[in-house]
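S.K.: Sharing a structure with you now.
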Amino acid sequence: MEKASDNTFEEKLYKSFAQLDTVESVHAFLQDLCTPKEIQDMAQRLKVAQMLDQNSSYTQIQEQTGASATTIARVSRAIQYGSKGYQKVLAFLKKESI
């Protein structure tokens, strides 16, 4: 069962990210908050999302990223049915040519 205070701390986490204004400050926060593997996994999911957006096949994505079919499917579902977070970030990446 989720405690009411858990939602409060999730909200604080989101607000903490929102107030970071430089790549360096986000990097520092993620380094302190996450393990190197967690950061690597998030970066891999972003690459998977980018490749899905470019209509790459699952096989191509697996070969280039090392992501499992399960991870690729999860990212694909999030892109199609999620909260539109990937779409916002992908649009930014396209705009910035990152």
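We name chains A, B, ... following the order of the structure tokens; residues begin at 1 in each chain, and ligands are numbered from 1 as shown.
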So which residues touch region 65-78 of chain A within 8 Å, counting only C-alpha atoms, skipping near sequence neighbours fewer than 6 positions away, as a PyMOL selection string?

M.R.: chain A and resi 44-45+47-49+52+58+84+86

S.K.: Using DSSP on the backbone coordinates, identify the residues of chain A assigned to alpha helix (DSSP H); present them as a PyMOL selection string.

M.R.: chain A and resi 4-19+23-33+36-53+58-65+69-81+85-96

S.K.: Counting only C-alpha atoms, what is within 10 Å of Gln50 (chain A), bar same-chain residues fewer than 5 positions away, as a ChimeraX atom specification?

M.R.: /A:44-45,55-56,61,86-87,89-91,93-94

S.K.: So how far away is CA of Val23 (chain A) from CA of Gln64 (chain A), in Å?

M.R.: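 Between CA of Gln64 (chain A) and CA of Val23 (chain A) the gap works out to 25.4 Å.
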
S.K.: Pick out the residues sitting within 10 Å of Leu20 (chain A), and hand them over as a PyMOL selection string; count only C-alpha atoms, and ignore anything fewer than 6 positions along from it in its own chain.

M.R.: chain A and resi 26-27+29

S.K.: Would you mind exporting the chosen residues as a JSON list (two decimals), in the first residue's frame, restricted to all heavy atoms?

M.R.:
[["chain", "number", "residue", "atom", "x", "y", "z"],
["A", 26, "VAL", "N", 21.75, 18.86, -13.90],
["A", 26, "VAL", "CA", 21.00, 17.61, -14.07],
["A", 26, "VAL", "C", 21.96, 16.43, -13.95],
["A", 26, "VAL", "O", 21.66, 15.44, -13.27],
["A", 26, "VAL", "CB", 20.25, 17.58, -15.42],
["A", 26, "VAL", "CG1", 19.62, 16.22, -15.65],
["A", 26, "VAL", "CG2", 19.20, 18.68, -15.47],
["A", 27, "HIS", "N", 23.12, 16.55, -14.58],
["A", 27, "HIS", "CA", 24.12, 15.49, -14.51],
["A", 27, "HIS", "C", 24.52, 15.21, -13.06],
["A", 27, "HIS", "O", 24.55, 14.06, -12.61],
["A", 27, "HIS", "CB", 25.35, 15.89, -15.34],
["A", 27, "HIS", "CG", 26.46, 14.90, -15.29],
["A", 27, "HIS", "ND1", 27.50, 14.99, -14.39],
["A", 27, "HIS", "CD2", 26.69, 13.79, -16.02],
["A", 27, "HIS", "CE1", 28.33, 13.98, -14.57],
["A", 27, "HIS", "NE2", 27.86, 13.23, -15.55],
["A", 29, "PHE", "N", 22.87, 15.88, -10.29],
["A", 29, "PHE", "CA", 21.75, 15.31, -9.55],
["A", 29, "PHE", "C", 21.58, 13.83, -9.88],
["A", 29, "PHE", "O", 21.43, 13.00, -8.98],
["A", 29, "PHE", "CB", 20.48, 16.10, -9.84],
["A", 29, "PHE", "CG", 19.29, 15.69, -9.00],
["A", 29, "PHE", "CD1", 19.38, 15.52, -7.63],
["A", 29, "PHE", "CD2", 18.06, 15.48, -9.61],
["A", 29, "PHE", "CE1", 18.28, 15.15, -6.87],
["A", 29, "PHE", "CE2", 16.95, 15.11, -8.86],
["A", 29, "PHE", "CZ", 17.07, 14.95, -7.49]]
